[in-house]
Amino acid sequence: MRRVLLISLSLVLALAGWSTVCADAYAQPVGKKCVVIPLFGNSPATVPAPVPKTGQTTSYGTRDDGALQKGVAWPTPRFTDNNNGTVTDNLTKLIWMKNANAFGERTWDTALSDANNLKSGDHGLTDGSQAGDWRLPNRRELLSLVDDGKISPALPAGHPFTSEQSDIYWSSSSYLNGANGAWIVNFADGIVLPSLKTSAQYVWCVRGGP
């Protein structure tokens, strides 16, 4: 009889654990705790990143981007000048060079080298960074700076950057097989295009990120 009671109690406790409700959509109840389950076998858990607003606020059609303004709102202020030659984007937490034209126009290989070797003491930086801390941003990181409601340059109003060019900047992302081309962002209008790696484009370095 005692054994039956113990089994019944165990079942009740198990059911209580199963009834745990998790507020996080990506968590599952394990006992009485909520655990984020890794997706696709990845560890730590891969949770989809929220998509930010584009910055466009003018509507040109029914339920277009300017009307709906979907996405995560930009923080205020969007950027913080760290007073050491760097600027933190409070939306992405990426740290950018304040000087958006420290190197002039470079080929892609030279742009990579310039970014990889950048350190405190170079081009007005006093952030204590070492060679290898900085890099050329990937395509999505570079595009994250674009304000679709602005042109020439297509950057958020009130940004603290200096020497920004309404022109083409390199990303570190190669195009197709990567042998000859890489993706660029044109900050005159925010357009993303491929470019030959032997072309000369501007360089904007970044550090940080996951």
# chains A, B, ... in the order shown; residues from 1 in each chain; ligands from 1

call {"tool": "residues_around", "arguments": {"residues": "Pro160 in chain A", "least_positions_apart": "4", "cutoff": "9 Å", "atoms": "only C-alpha atoms", "output": "mmCIF file with all heavy atoms, in the first residue's frame"}}
result
data_model
loop_
_atom_site.group_PDB
_atom_site.id
_atom_site.type_symbol
_atom_site.label_atom_id
_atom_site.label_comp_id
_atom_site.auth_asym_id
_atom_site.auth_seq_id
_atom_site.Cartn_x
_atom_site.Cartn_y
_atom_site.Cartn_z
ATOM 1 N N PHE A 79 23.371 56.565 -31.106
ATOM 2 C CA PHE A 79 24.819 56.400 -31.011
ATOM 3 C C PHE A 79 25.372 57.119 -29.787
ATOM 4 O O PHE A 79 24.826 58.131 -29.354
ATOM 5 C CB PHE A 79 25.504 56.965 -32.263
ATOM 6 C CG PHE A 79 25.085 56.303 -33.539
ATOM 7 C CD1 PHE A 79 24.202 56.939 -34.406
ATOM 8 C CD2 PHE A 79 25.564 55.053 -33.893
ATOM 9 C CE1 PHE A 79 23.815 56.345 -35.593
ATOM 10 C CE2 PHE A 79 25.176 54.443 -35.075
ATOM 11 C CZ PHE A 79 24.299 55.085 -35.929
ATOM 12 N N THR A 80 26.489 56.580 -29.265
ATOM 13 C CA THR A 80 27.213 57.228 -28.181
ATOM 14 C C THR A 80 28.650 57.481 -28.616
ATOM 15 O O THR A 80 29.355 56.538 -29.012
ATOM 16 C CB THR A 80 27.215 56.361 -26.913
ATOM 17 O OG1 THR A 80 25.874 56.179 -26.451
ATOM 18 C CG2 THR A 80 28.041 57.005 -25.815
ATOM 19 N N ASP A 81 29.059 58.743 -28.570
ATOM 20 C CA ASP A 81 30.443 59.107 -28.848
ATOM 21 C C ASP A 81 31.265 58.790 -27.606
ATOM 22 O O ASP A 81 31.037 59.353 -26.539
ATOM 23 C CB ASP A 81 30.525 60.594 -29.190
ATOM 24 C CG ASP A 81 31.916 61.023 -29.647
ATOM 25 O OD1 ASP A 81 32.892 60.289 -29.364
ATOM 26 O OD2 ASP A 81 32.036 62.082 -30.279
ATOM 27 N N VAL A 87 32.707 55.112 -31.705
ATOM 28 C CA VAL A 87 31.281 55.380 -31.510
ATOM 29 C C VAL A 87 30.568 54.043 -31.290
ATOM 30 O O VAL A 87 30.766 53.103 -32.062
ATOM 31 C CB VAL A 87 30.673 56.098 -32.728
ATOM 32 C CG1 VAL A 87 29.151 56.157 -32.629
ATOM 33 C CG2 VAL A 87 31.255 57.495 -32.884
ATOM 34 N N LYS A 98 35.015 56.426 -35.262
ATOM 35 C CA LYS A 98 34.317 57.695 -35.437
ATOM 36 C C LYS A 98 34.686 58.306 -36.781
ATOM 37 O O LYS A 98 33.833 58.879 -37.471
ATOM 38 C CB LYS A 98 34.671 58.646 -34.292
ATOM 39 C CG LYS A 98 33.937 59.985 -34.384
ATOM 40 C CD LYS A 98 34.192 60.856 -33.166
ATOM 41 C CE LYS A 98 33.447 62.174 -33.282
ATOM 42 N NZ LYS A 98 33.619 63.018 -32.076
#

call {"tool": "residues_around", "arguments": {"residues": "Trp183 in chain A", "least_positions_apart": "4", "cutoff": "12 Å", "atoms": "only C-alpha atoms", "output": "list in words"}}
result
Trp108, Leu136, Pro137, Asn138, Arg139, Arg140, Glu141, Leu142, Leu143, Ile168, Tyr169, Trp170, Ser171, Ser172, Ser173, Ser174, Tyr175, Leu176, Asn177, Gly178, Ile191, Val192, Leu193, Pro194, Ser195, Leu196, Lys197, Ser199 and Gln201 of chain A

call {"tool": "write_last_selection", "arguments": {"atoms": "N, CA and C atoms", "output": "mmCIF file, in the first residue's frame"}}
result
data_model
loop_
_atom_site.group_PDB
_atom_site.id
_atom_site.type_symbol
_atom_site.label_atom_id
_atom_site.label_comp_id
_atom_site.auth_asym_id
_atom_site.auth_seq_id
_atom_site.Cartn_x
_atom_site.Cartn_y
_atom_site.Cartn_z
ATOM 1 N N TRP A 108 39.948 45.618 -51.917
ATOM 2 C CA TRP A 108 39.368 44.799 -50.851
ATOM 3 C C TRP A 108 40.440 44.161 -49.970
ATOM 4 N N LEU A 136 37.038 44.497 -40.766
ATOM 5 C CA LEU A 136 36.128 45.032 -41.774
ATOM 6 C C LEU A 136 34.741 44.458 -41.487
ATOM 7 N N PRO A 137 33.691 45.276 -41.424
ATOM 8 C CA PRO A 137 32.356 44.763 -41.086
ATOM 9 C C PRO A 137 31.805 43.847 -42.170
ATOM 10 N N ASN A 138 30.977 42.894 -41.761
ATOM 11 C CA ASN A 138 30.317 42.081 -42.778
ATOM 12 C C ASN A 138 29.172 42.880 -43.404
ATOM 13 N N ARG A 139 28.567 42.297 -44.397
ATOM 14 C CA ARG A 139 27.541 43.016 -45.172
ATOM 15 C C ARG A 139 26.387 43.496 -44.306
ATOM 16 N N ARG A 140 25.884 42.661 -43.423
ATOM 17 C CA ARG A 140 24.733 43.020 -42.602
ATOM 18 C C ARG A 140 25.100 44.054 -41.538
ATOM 19 N N GLU A 141 26.302 43.945 -40.988
ATOM 20 C CA GLU A 141 26.744 44.935 -40.007
ATOM 21 C C GLU A 141 26.830 46.322 -40.645
ATOM 22 N N LEU A 142 27.422 46.391 -41.832
ATOM 23 C CA LEU A 142 27.567 47.672 -42.515
ATOM 24 C C LEU A 142 26.195 48.254 -42.864
ATOM 25 N N LEU A 143 25.295 47.385 -43.320
ATOM 26 C CA LEU A 143 23.955 47.825 -43.694
ATOM 27 C C LEU A 143 23.159 48.294 -42.481
ATOM 28 N N ILE A 168 30.697 54.554 -51.684
ATOM 29 C CA ILE A 168 30.719 53.103 -51.500
ATOM 30 C C ILE A 168 31.744 52.673 -50.459
ATOM 31 N N TYR A 169 31.301 51.779 -49.553
ATOM 32 C CA TYR A 169 32.164 51.208 -48.523
ATOM 33 C C TYR A 169 32.218 49.687 -48.681
ATOM 34 N N TRP A 170 33.405 49.143 -48.419
ATOM 35 C CA TRP A 170 33.582 47.689 -48.473
ATOM 36 C C TRP A 170 32.942 46.989 -47.274
ATOM 37 N N SER A 171 32.405 45.786 -47.515
ATOM 38 C CA SER A 171 32.104 44.844 -46.441
ATOM 39 C C SER A 171 33.115 43.705 -46.548
ATOM 40 N N SER A 172 33.185 42.881 -45.524
ATOM 41 C CA SER A 172 34.094 41.731 -45.558
ATOM 42 C C SER A 172 33.450 40.514 -46.210
ATOM 43 N N SER A 173 32.194 40.658 -46.639
ATOM 44 C CA SER A 173 31.445 39.531 -47.205
ATOM 45 C C SER A 173 31.716 39.386 -48.702
ATOM 46 N N SER A 174 32.192 38.213 -49.091
ATOM 47 C CA SER A 174 32.485 37.963 -50.501
ATOM 48 C C SER A 174 31.211 37.665 -51.280
ATOM 49 N N TYR A 175 31.286 37.902 -52.565
ATOM 50 C CA TYR A 175 30.136 37.721 -53.455
ATOM 51 C C TYR A 175 30.277 36.407 -54.200
ATOM 52 N N LEU A 176 29.202 35.575 -54.188
ATOM 53 C CA LEU A 176 29.181 34.271 -54.862
ATOM 54 C C LEU A 176 30.359 33.414 -54.417
ATOM 55 N N ASN A 177 31.238 33.002 -55.347
ATOM 56 C CA ASN A 177 32.334 32.114 -54.953
ATOM 57 C C ASN A 177 33.466 32.868 -54.254
ATOM 58 N N GLY A 178 33.398 34.180 -54.246
ATOM 59 C CA GLY A 178 34.355 34.968 -53.483
ATOM 60 C C GLY A 178 35.694 35.200 -54.138
ATOM 61 N N ILE A 191 22.050 51.476 -50.983
ATOM 62 C CA ILE A 191 21.946 50.310 -51.864
ATOM 63 C C ILE A 191 23.114 49.350 -51.633
ATOM 64 N N VAL A 192 22.816 48.037 -51.655
ATOM 65 C CA VAL A 192 23.837 46.991 -51.519
ATOM 66 C C VAL A 192 24.083 46.373 -52.888
ATOM 67 N N LEU A 193 25.345 46.313 -53.282
ATOM 68 C CA LEU A 193 25.716 45.783 -54.589
ATOM 69 C C LEU A 193 27.012 44.995 -54.481
ATOM 70 N N PRO A 194 27.299 44.123 -55.466
ATOM 71 C CA PRO A 194 28.617 43.482 -55.511
ATOM 72 C C PRO A 194 29.614 44.372 -56.247
ATOM 73 N N SER A 195 30.881 44.214 -55.912
ATOM 74 C CA SER A 195 31.930 44.981 -56.573
ATOM 75 C C SER A 195 33.152 44.098 -56.751
ATOM 76 N N LEU A 196 33.918 44.346 -57.794
ATOM 77 C CA LEU A 196 35.182 43.637 -57.979
ATOM 78 C C LEU A 196 36.131 43.984 -56.841
ATOM 79 N N LYS A 197 36.842 42.990 -56.324
ATOM 80 C CA LYS A 197 37.746 43.215 -55.205
ATOM 81 C C LYS A 197 38.944 44.077 -55.582
ATOM 82 N N SER A 199 38.599 46.812 -57.208
ATOM 83 C CA SER A 199 38.127 48.197 -57.225
ATOM 84 C C SER A 199 38.569 48.914 -55.955
ATOM 85 N N GLN A 201 37.428 51.224 -52.924
ATOM 86 C CA GLN A 201 36.263 51.701 -52.182
ATOM 87 C C GLN A 201 36.710 52.162 -50.796
#

call {"tool": "closest_residue", "arguments": {"among": "A:Leu91, A:Leu118, A:Cys205, A:Ala188", "to": "Lys150 in chain A", "atoms": "only C-alpha atoms"}}
result
A:Ala188

call {"tool": "atom_distance", "arguments": {"atom1": "CA of Gly208 in chain A", "atom2": "CA of Ile95 in chain A"}}
result
6.1 Å

call {"tool": "closest_residue", "arguments": {"among": "A:Asp122, A:Asp109, A:Asn83, A:Asn90", "to": "Ala182 in chain A", "atoms": "only C-alpha atoms"}}
result
A:Asp109

call {"tool": "atom_distance", "arguments": {"atom1": "CA of Phe161 in chain A", "atom2": "CA of Gln130 in chain A"}}
result
21.4 Å

call {"tool": "closest_residue", "arguments": {"among": "A:Asn99, A:Gln56, A:Ser129, A:Thr76", "to": "Arg207 in chain A", "atoms": "only C-alpha atoms"}}
result
A:Ser129

call {"tool": "select_by_dssp", "arguments": {"residues": "range 15-208 of chain A", "states": "strand (DSSP E)", "output": "PyMOL selection string"}}
result
chain A and resi 27-30+33-36+79-81+86-89+95-97+168-174+181-186+191-196+206-207

call {"tool": "closest_residue", "arguments": {"among": "A:Thr54, A:Val203, A:Arg106, A:Lys119", "to": "Gly190 in chain A", "atoms": "only C-alpha atoms"}}
result
A:Thr54

call {"tool": "select_by_dssp", "arguments": {"residues": "range 95-184 of chain A", "states": "helix (DSSP H, G or I)", "output": "PyMOL selection string"}}
result
chain A and resi 108-117+139-143

call {"tool": "write_last_selection", "arguments": {"atoms": "N, CA and C atoms", "output": "PDB file, in the first residue's frame"}}
result
ATOM      1  N   TRP A 108      39.948  45.618 -51.917  1.00  0.00           N
ATOM      2  CA  TRP A 108      39.368  44.799 -50.851  1.00  0.00           C
ATOM      3  C   TRP A 108      40.440  44.161 -49.970  1.00  0.00           C
ATOM      4  N   ASP A 109      41.466  43.586 -50.569  1.00  0.00           N
ATOM      5  CA  ASP A 109      42.521  42.942 -49.786  1.00  0.00           C
ATOM      6  C   ASP A 109      43.232  43.944 -48.887  1.00  0.00           C
ATOM      7  N   THR A 110      43.492  45.135 -49.400  1.00  0.00           N
ATOM      8  CA  THR A 110      44.147  46.165 -48.597  1.00  0.00           C
ATOM      9  C   THR A 110      43.226  46.645 -47.484  1.00  0.00           C
ATOM     10  N   ALA A 111      41.929  46.743 -47.777  1.00  0.00           N
ATOM     11  CA  ALA A 111      40.961  47.150 -46.757  1.00  0.00           C
ATOM     12  C   ALA A 111      40.940  46.159 -45.598  1.00  0.00           C
ATOM     13  N   LEU A 112      40.963  44.868 -45.908  1.00  0.00           N
ATOM     14  CA  LEU A 112      41.008  43.841 -44.866  1.00  0.00           C
ATOM     15  C   LEU A 112      42.251  44.004 -44.003  1.00  0.00           C
ATOM     16  N   SER A 113      43.393  44.219 -44.652  1.00  0.00           N
ATOM     17  CA  SER A 113      44.654  44.363 -43.939  1.00  0.00           C
ATOM     18  C   SER A 113      44.655  45.614 -43.068  1.00  0.00           C
ATOM     19  N   ASP A 114      44.148  46.716 -43.608  1.00  0.00           N
ATOM     20  CA  ASP A 114      44.072  47.961 -42.840  1.00  0.00           C
ATOM     21  C   ASP A 114      43.256  47.762 -41.566  1.00  0.00           C
ATOM     22  N   ALA A 115      42.098  47.114 -41.703  1.00  0.00           N
ATOM     23  CA  ALA A 115      41.210  46.908 -40.563  1.00  0.00           C
ATOM     24  C   ALA A 115      41.833  45.951 -39.541  1.00  0.00           C
ATOM     25  N   ASN A 116      42.416  44.877 -40.007  1.00  0.00           N
ATOM     26  CA  ASN A 116      42.982  43.866 -39.110  1.00  0.00           C
ATOM     27  C   ASN A 116      44.165  44.388 -38.306  1.00  0.00           C
ATOM     28  N   ASN A 117      44.891  45.353 -38.850  1.00  0.00           N
ATOM     29  CA  ASN A 117      46.084  45.884 -38.183  1.00  0.00           C
ATOM     30  C   ASN A 117      45.831  47.178 -37.414  1.00  0.00           C
ATOM     31  N   ARG A 139      28.567  42.297 -44.397  1.00  0.00           N
ATOM     32  CA  ARG A 139      27.541  43.016 -45.172  1.00  0.00           C
ATOM     33  C   ARG A 139      26.387  43.496 -44.306  1.00  0.00           C
ATOM     34  N   ARG A 140      25.884  42.661 -43.423  1.00  0.00           N
ATOM     35  CA  ARG A 140      24.733  43.020 -42.602  1.00  0.00           C
ATOM     36  C   ARG A 140      25.100  44.054 -41.538  1.00  0.00           C
ATOM     37  N   GLU A 141      26.302  43.945 -40.988  1.00  0.00           N
ATOM     38  CA  GLU A 141      26.744  44.935 -40.007  1.00  0.00           C
ATOM     39  C   GLU A 141      26.830  46.322 -40.645  1.00  0.00           C
ATOM     40  N   LEU A 142      27.422  46.391 -41.832  1.00  0.00           N
ATOM     41  CA  LEU A 142      27.567  47.672 -42.515  1.00  0.00           C
ATOM     42  C   LEU A 142      26.195  48.254 -42.864  1.00  0.00           C
ATOM     43  N   LEU A 143      25.295  47.385 -43.320  1.00  0.00           N
ATOM     44  CA  LEU A 143      23.955  47.825 -43.694  1.00  0.00           C
ATOM     45  C   LEU A 143      23.159  48.294 -42.481  1.00  0.00           C
TER      46      LEU A 143
END
